[in-house]
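Peer 1: Got a file for you: protein_19.cif, mmCIF, C-alpha atoms.
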```cif
data_input
#
loop_
_atom_site.label_atom_id
_atom_site.label_comp_id
_atom_site.auth_asym_id
_atom_site.auth_seq_id
_atom_site.Cartn_x
_atom_site.Cartn_y
_atom_site.Cartn_z
CA MET P 1 18.86 57.92 -43.97
CA ASN P 2 17.55 57.12 -40.50
CA THR P 3 14.58 54.78 -40.44
CA THR P 4 14.00 54.99 -36.69
CA LEU P 5 13.46 57.90 -34.32
CA THR P 6 16.75 59.50 -33.29
CA ALA P 7 15.27 61.29 -30.27
CA PRO P 8 12.32 59.34 -28.90
CA ALA P 9 10.20 60.80 -26.15
CA TYR P 10 10.92 59.62 -22.62
CA SER P 11 9.73 60.34 -19.07
CA PHE P 12 11.80 62.16 -16.50
CA VAL P 13 13.51 60.13 -13.81
CA GLN P 14 11.03 61.09 -11.11
CA PHE P 15 8.19 59.69 -13.27
CA ALA P 16 10.00 56.61 -14.57
CA ASP P 17 7.96 54.30 -12.36
CA ASP P 18 4.60 55.79 -13.39
CA PRO P 19 2.88 53.27 -15.72
CA SER P 20 0.49 55.85 -17.13
CA ILE P 21 3.26 58.26 -18.16
CA ASN P 22 5.36 55.43 -19.57
CA ALA P 23 2.39 54.20 -21.59
CA PHE P 24 1.85 57.73 -22.91
CA MET P 25 5.52 58.02 -23.97
CA THR P 26 5.37 54.62 -25.65
CA ALA P 27 2.25 55.56 -27.59
CA THR P 28 3.83 58.89 -28.61
CA ASN P 29 6.92 57.14 -29.96
CA GLN P 30 4.84 54.57 -31.82
CA THR P 31 2.79 57.32 -33.46
CA ALA P 32 5.91 59.28 -34.40
CA GLN P 33 7.56 56.15 -35.79
CA GLY P 34 4.45 55.43 -37.85
CA GLY P 35 4.60 58.93 -39.31
CA LEU P 36 8.28 58.50 -40.14
CA ASP P 37 7.61 55.14 -41.80
CA TRP P 38 4.88 56.71 -43.93
CA LEU P 39 7.13 59.58 -45.02
CA LEU P 40 9.88 57.12 -45.95
CA GLN P 41 7.43 55.18 -48.09
CA HIS P 42 5.92 58.33 -49.63
CA PRO P 43 8.77 60.72 -50.48
CA LEU P 44 6.76 63.88 -51.12
CA ALA P 45 9.59 65.62 -52.97
CA LEU P 46 10.16 62.68 -55.34
CA TRP P 47 7.22 62.82 -57.74
CA THR P 48 8.50 59.86 -59.79
CA ALA P 49 7.97 57.43 -56.91
CA PRO P 50 5.21 54.90 -57.68
CA GLN P 51 3.58 55.64 -54.32
CA MET P 52 2.98 59.22 -55.38
CA LYS P 53 -0.37 59.29 -57.15
CA GLY P 54 -3.77 60.90 -57.15
CA GLY P 55 -4.44 63.70 -54.72
CA LEU P 56 -1.19 63.15 -52.82
CA LEU P 57 0.82 63.67 -56.00
CA ALA P 58 -1.09 66.83 -56.92
CA TYR P 59 -0.85 68.17 -53.35
CA SER P 60 2.90 67.61 -53.00
CA LEU P 61 3.74 69.02 -56.43
CA TYR P 62 1.67 72.13 -55.80
CA CYS P 63 2.91 72.75 -52.25
CA LEU P 64 6.59 71.95 -52.83
CA TYR P 65 7.10 73.10 -56.42
CA GLY P 66 4.11 75.28 -57.28
CA GLN P 67 3.18 72.88 -60.08
CA GLY P 68 -0.56 72.54 -60.47
CA ARG P 69 -2.26 69.72 -62.30
CA PRO P 70 -2.51 70.80 -65.96
CA ASN P 71 -6.04 71.04 -67.24
CA THR P 72 -6.67 71.62 -70.92
CA ASN P 73 -10.38 71.06 -70.61
CA PHE P 74 -12.36 73.39 -72.81
CA THR P 75 -15.81 73.58 -74.34
CA ILE P 76 -16.63 74.17 -77.97
CA LEU P 77 -19.93 75.93 -78.66
CA LYS P 78 -21.69 74.94 -81.86
CA THR P 79 -24.52 77.13 -83.05
CA SER P 80 -27.34 75.61 -85.04
CA SER P 81 -29.49 78.08 -86.91
CA GLY P 82 -33.21 77.63 -87.45
CA ALA P 83 -33.41 78.27 -91.17
CA ILE P 84 -36.10 76.58 -93.24
CA ASN P 85 -35.18 73.03 -94.28
CA ASP P 86 -32.10 73.22 -92.07
CA THR P 87 -33.43 70.91 -89.32
CA ASP P 88 -36.13 68.32 -88.90
CA VAL P 89 -39.75 69.42 -88.80
CA ASN P 90 -40.80 70.78 -85.38
CA ARG P 91 -37.31 70.27 -84.02
CA MET P 92 -36.43 73.98 -84.03
CA GLU P 93 -38.46 77.07 -84.61
CA ILE P 94 -37.71 79.30 -87.59
CA ASP P 95 -34.87 81.75 -86.86
CA GLY P 96 -34.27 80.00 -83.52
CA GLN P 97 -30.86 79.01 -82.24
CA ASN P 98 -29.59 75.99 -80.37
CA MET P 99 -26.25 75.91 -78.57
CA ASP P 100 -24.60 72.48 -78.51
CA THR P 101 -21.47 71.89 -76.44
CA VAL P 102 -18.64 69.49 -77.12
CA THR P 103 -16.38 69.01 -74.10
CA VAL P 104 -12.80 67.86 -74.46
CA SER P 105 -11.59 65.82 -71.51
CA PRO P 106 -8.82 67.30 -69.33
CA LEU P 107 -5.34 65.83 -69.18
CA GLU P 108 -5.50 64.57 -65.62
CA ALA P 109 -3.52 61.33 -65.75
CA ASP P 110 -0.84 61.04 -63.07
CA ASP P 111 1.62 59.87 -65.71
CA ILE P 112 1.16 63.07 -67.70
CA LEU P 113 1.44 65.21 -64.56
CA LYS P 114 4.73 63.53 -63.66
CA ARG P 115 6.07 64.08 -67.17
CA VAL P 116 5.12 67.75 -66.94
CA ALA P 117 6.93 68.08 -63.61
CA THR P 118 10.04 66.45 -65.07
CA TRP P 119 9.92 68.82 -68.05
CA ASN P 120 9.56 71.90 -65.84
CA PHE P 121 12.03 71.02 -63.07
CA PHE P 122 14.70 68.81 -64.63
CA LYS P 123 18.01 70.63 -64.14
CA GLY P 124 20.36 68.34 -66.08
CA ASP P 125 20.02 70.28 -69.35
CA GLY P 126 20.97 73.62 -67.85
CA PHE P 127 18.99 76.84 -68.00
CA ASN P 128 19.89 78.18 -71.46
CA PHE P 129 17.26 77.55 -74.11
CA THR P 130 18.68 76.00 -77.28
CA ILE P 131 17.39 73.67 -79.98
CA PRO P 132 19.22 70.65 -78.43
CA TRP P 133 17.72 71.64 -75.06
CA LEU P 134 14.22 71.57 -76.54
CA LYS P 135 14.77 68.27 -78.36
CA ARG P 136 16.03 66.60 -75.19
CA ARG P 137 12.97 67.90 -73.31
CA VAL P 138 10.64 66.44 -75.92
CA MET P 139 12.43 63.09 -75.97
CA ARG P 140 12.38 62.94 -72.18
CA PHE P 141 8.64 63.63 -72.18
CA LEU P 142 7.99 60.91 -74.75
CA THR P 143 10.20 58.21 -73.19
CA GLY P 144 9.98 59.04 -69.48
CA SER P 145 7.06 56.94 -68.24
CA GLY P 146 5.93 58.08 -64.82
CA GLY P 147 8.12 61.16 -65.05
CA ALA P 148 11.34 59.19 -65.09
CA SER P 149 14.30 60.68 -66.88
CA GLY P 150 14.01 58.34 -69.84
CA ARG P 151 17.23 57.14 -71.38
CA PHE P 152 17.71 57.77 -75.06
CA ASN P 153 20.80 57.61 -77.21
CA ASN P 154 19.98 60.57 -79.45
CA THR P 155 17.30 63.09 -80.34
CA VAL P 156 17.08 62.18 -84.04
CA PRO P 157 13.31 61.42 -83.88
CA VAL P 158 12.66 65.06 -82.95
CA SER P 159 13.15 67.87 -85.46
CA VAL P 160 12.68 71.57 -84.79
CA GLN P 161 12.04 74.31 -87.31
CA VAL P 162 12.03 78.00 -86.42
CA ALA P 163 10.31 80.59 -88.57
CA GLY P 164 10.16 84.03 -87.02
CA ARG P 165 8.44 83.64 -83.66
CA GLY P 166 7.00 80.24 -84.52
CA VAL P 167 8.67 76.99 -83.47
CA THR P 168 7.39 73.78 -85.07
CA ILE P 169 8.28 70.47 -83.46
CA THR P 170 7.97 67.31 -85.53
CA VAL P 171 8.26 63.87 -83.95
CA ALA P 172 8.93 60.73 -85.96
CA SER P 173 6.96 57.60 -85.23
CA GLY P 174 8.39 55.51 -82.44
CA PRO P 175 7.56 53.43 -79.38
CA TRP P 176 5.77 56.32 -77.67
CA ASP P 177 2.05 56.16 -77.12
CA GLY P 178 -0.32 58.25 -79.21
CA ASP P 179 -1.99 59.59 -76.07
CA VAL P 180 1.35 60.98 -74.94
CA ILE P 181 1.73 62.78 -78.28
CA ALA P 182 -1.78 64.19 -77.91
CA ALA P 183 -1.02 65.27 -74.36
CA LEU P 184 2.18 67.01 -75.42
CA THR P 185 0.29 68.82 -78.17
CA GLY P 186 -2.33 70.09 -75.75
CA LEU P 187 0.21 71.08 -73.13
CA LEU P 188 2.25 73.08 -75.64
CA GLU P 189 -0.83 74.89 -76.90
CA ALA P 190 -2.07 75.61 -73.37
CA GLY P 191 1.32 76.88 -72.18
CA HIS P 192 1.76 74.43 -69.30
CA LEU P 193 5.39 73.65 -70.14
CA HIS P 194 8.25 75.96 -69.24
CA LEU P 195 9.39 77.52 -72.51
CA PRO P 196 10.43 80.99 -73.66
CA THR P 197 7.32 83.13 -73.85
CA MET P 198 8.43 85.07 -76.91
CA TYR P 199 7.93 82.02 -79.17
CA ASN P 200 4.85 80.06 -80.18
CA PHE P 201 5.38 76.32 -80.00
CA THR P 202 3.35 73.79 -81.96
CA LEU P 203 3.68 70.05 -82.41
CA LYS P 204 3.30 68.83 -85.94
CA GLY P 205 1.82 65.48 -86.96
CA VAL P 206 3.96 62.46 -86.33
CA LEU P 207 5.97 61.44 -89.36
CA LYS P 208 6.91 57.89 -90.26
CA ARG P 209 10.56 56.97 -90.21
CA PRO P 210 12.02 56.79 -93.71
CA THR P 211 12.69 53.24 -94.84
CA PRO P 212 16.33 52.59 -95.78
#
```
Is it possible to express this structure as structure tokens?
Peer 2:
Amino acid sequence: MNTTLTAPAYSFVQFADDPSINAFMTATNQTAQGGLDWLLQHPLALWTAPQMKGGLLAYSLYCLYGQGRPNTNFTILKTSSGAINDTDVNRMEIDGQNMDTVTVSPLEADDILKRVATWNFFKGDGFNFTIPWLKRRVMRFLTGSGGASGRFNNTVPVSVQVAGRGVTITVASGPWDGDVIAALTGLLEAGHLHLPTMYNFTLKGVLKRPTP
């Protein structure tokens, strides 16, 4: 890969002795070289690069791959009735209602976004959905910090059970972070991961490895 300009700007022969034009061409080449250096340090198509983060990561993934930042933020409405002896005195009128909201934070971490992109665009497993395909996707999500294609020897920690249109994924305890498990659960429920639409996917509670 070239790290310098292959076709820098230059002045025509009749203007070669003009200091103003030469200065303009020099400044143009310096600006172009600076842009090239930035692009080399920030490979927009490579979302696993450590330089790709924040708004730049979200922008490049959306513009190049159509992958938006997953957001599982939702609000739960809790209704409190105003029955007698149900609340403190003078806190709520009789037969009144009070709507309380509990907001669940969105999954906005760059690490999670990179894992989602790797799940959706990794081509090494092929395009045919199978149980081994799904287990490798789950293991890659759990072990691939920063969206890297995590190396794993097997998919034994992941088990898959199919009942009708329901697919239950169970993950054994391991070195993966609990937040990653929670993120995977929310992403599966919200439909942010590329999976066959005719099935419903759920992630079951993490099981402990059996002791020998």
Peer 1: Looking at P:Ala58, P:Val171, P:Thr48, P:Met25, which one is nearest to Gly150 in chain P, with distances taken over all atoms listed in the file?
Peer 2: P:Thr48
Peer 1: Using only C-alpha atoms, pick whichever of P:Ala23, P:Leu184, P:Leu36, P:Thr31 has the shortest atom-to-atom distance to Thr4 in chain P.
Peer 2: P:Leu36
Peer 1: Which residues come within 10 Å of Val180 in chain P, counting all atoms listed in the file, excluding same-chain residues fewer than 2 positions away, as a list in words?
Peer 2: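 The filter keeps Asp111, Ile112, Arg115, Phe141, Leu142, Thr143, Ser145, Trp176, Asp177, Gly178, Ala182, Ala183, Leu184, Thr185 and Gly186 of chain P.
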Peer 1: Put those residues in a file: C-alpha atoms, as a PDB file, in the coordinates of the input.
Peer 2:
```
ATOM      1  CA  ASP P 111       1.620  59.870 -65.710  1.00  0.00           C
ATOM      2  CA  ILE P 112       1.160  63.070 -67.700  1.00  0.00           C
ATOM      3  CA  ARG P 115       6.070  64.080 -67.170  1.00  0.00           C
ATOM      4  CA  PHE P 141       8.640  63.630 -72.180  1.00  0.00           C
ATOM      5  CA  LEU P 142       7.990  60.910 -74.750  1.00  0.00           C
ATOM      6  CA  THR P 143      10.200  58.210 -73.190  1.00  0.00           C
ATOM      7  CA  SER P 145       7.060  56.940 -68.240  1.00  0.00           C
ATOM      8  CA  TRP P 176       5.770  56.320 -77.670  1.00  0.00           C
ATOM      9  CA  ASP P 177       2.050  56.160 -77.120  1.00  0.00           C
ATOM     10  CA  GLY P 178      -0.320  58.250 -79.210  1.00  0.00           C
ATOM     11  CA  ALA P 182      -1.780  64.190 -77.910  1.00  0.00           C
ATOM     12  CA  ALA P 183      -1.020  65.270 -74.360  1.00  0.00           C
ATOM     13  CA  LEU P 184       2.180  67.010 -75.420  1.00  0.00           C
ATOM     14  CA  THR P 185       0.290  68.820 -78.170  1.00  0.00           C
ATOM     15  CA  GLY P 186      -2.330  70.090 -75.750  1.00  0.00           C
TER      16      GLY P 186
END
```
Peer 1: For the file shown, report as a list in words the outcome of the PyMOL selection byres ((chain P and resi 194) around 12) at residue level.
Peer 2: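 Here the PyMOL selection byres ((chain P and resi 194) around 12) matches Gln67, Val116, Ala117, Thr118, Trp119, Asn120, Phe121, Phe122, Phe127, Phe129, Trp133, Leu134, Arg137, Val138, Leu187, Leu188, Glu189, Ala190, Gly191, His192, Leu193, Leu195, Pro196, Thr197, Met198, Tyr199 and Phe201 of chain P.
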Peer 1: Using all atoms listed in the file, which residues sit within 7 Å of Thr168 in chain P once same-chain residues fewer than 4 positions away are excluded, as an MDAnalysis selection string?
Peer 2: chainID P and resid 160:162 201:204
Peer 1: Figure out the distance between CA of Asp37 in chain P and CA of Tyr62 in chain P, please, to one decimal in Å.
Peer 2: 22.8 Å
Peer 1: To one decimal place, how far is CA of Leu61 in chain P from CA of Gln33 in chain P in Å?
Peer 2: 24.6 Å
Peer 1: Taking the file as I've supplied it (selection: the PyMOL selection byres ((chain P and resi 152) around 10)), which residues are included? Please answer as a ChimeraX atom specification.
Peer 2: /P:136,139-140,143-144,149-151,153-155
Peer 1: Calculate, to one decimal in Å, the centre and edge lengths of the box along x, y and z of the file that holds all listed atoms of range 191-201 of chain P with 4 Å of margin on each side, and present them as lines of an AutoDock Vina configuration file.
Peer 2:
```
center_x = 5.9
center_y = 79.4
center_z = -74.7
size_x = 17.1
size_y = 19.4
size_z = 18.9
```
Peer 1: What is the CA of Leu5 in chain P to CA of Pro19 in chain P distance in Å?
Peer 2: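 These two atoms are separated by 21.9 Å.
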Peer 1: List the neighbours of Leu57 in chain P out to 8 Å using all atoms listed in the file; skip same-chain residues closer than 6 positions along the sequence, and give me the result as an NGL selection string.
Peer 2: :P and (44 or 47 or 110)
Peer 1: What's around Ser159 in chain P at 8 Å? Count all atoms listed in the file, leave out sequence neighbours fewer than 4 positions away in its own chain, and write the answer as a PyMOL selection string.
Peer 2: chain P and resi 135+169-171
Peer 1: Set the distance at 9 Å and use all atoms listed in the file: which residues neighbour Leu113 in chain P once local chain neighbours fewer than 5 positions away are removed? I'd like the list as a list in words.
Peer 2: Leu57, Ala58, Gly68, Arg69, Pro70, Leu107, Glu108, Thr118, Gly146 and Gly147 of chain P
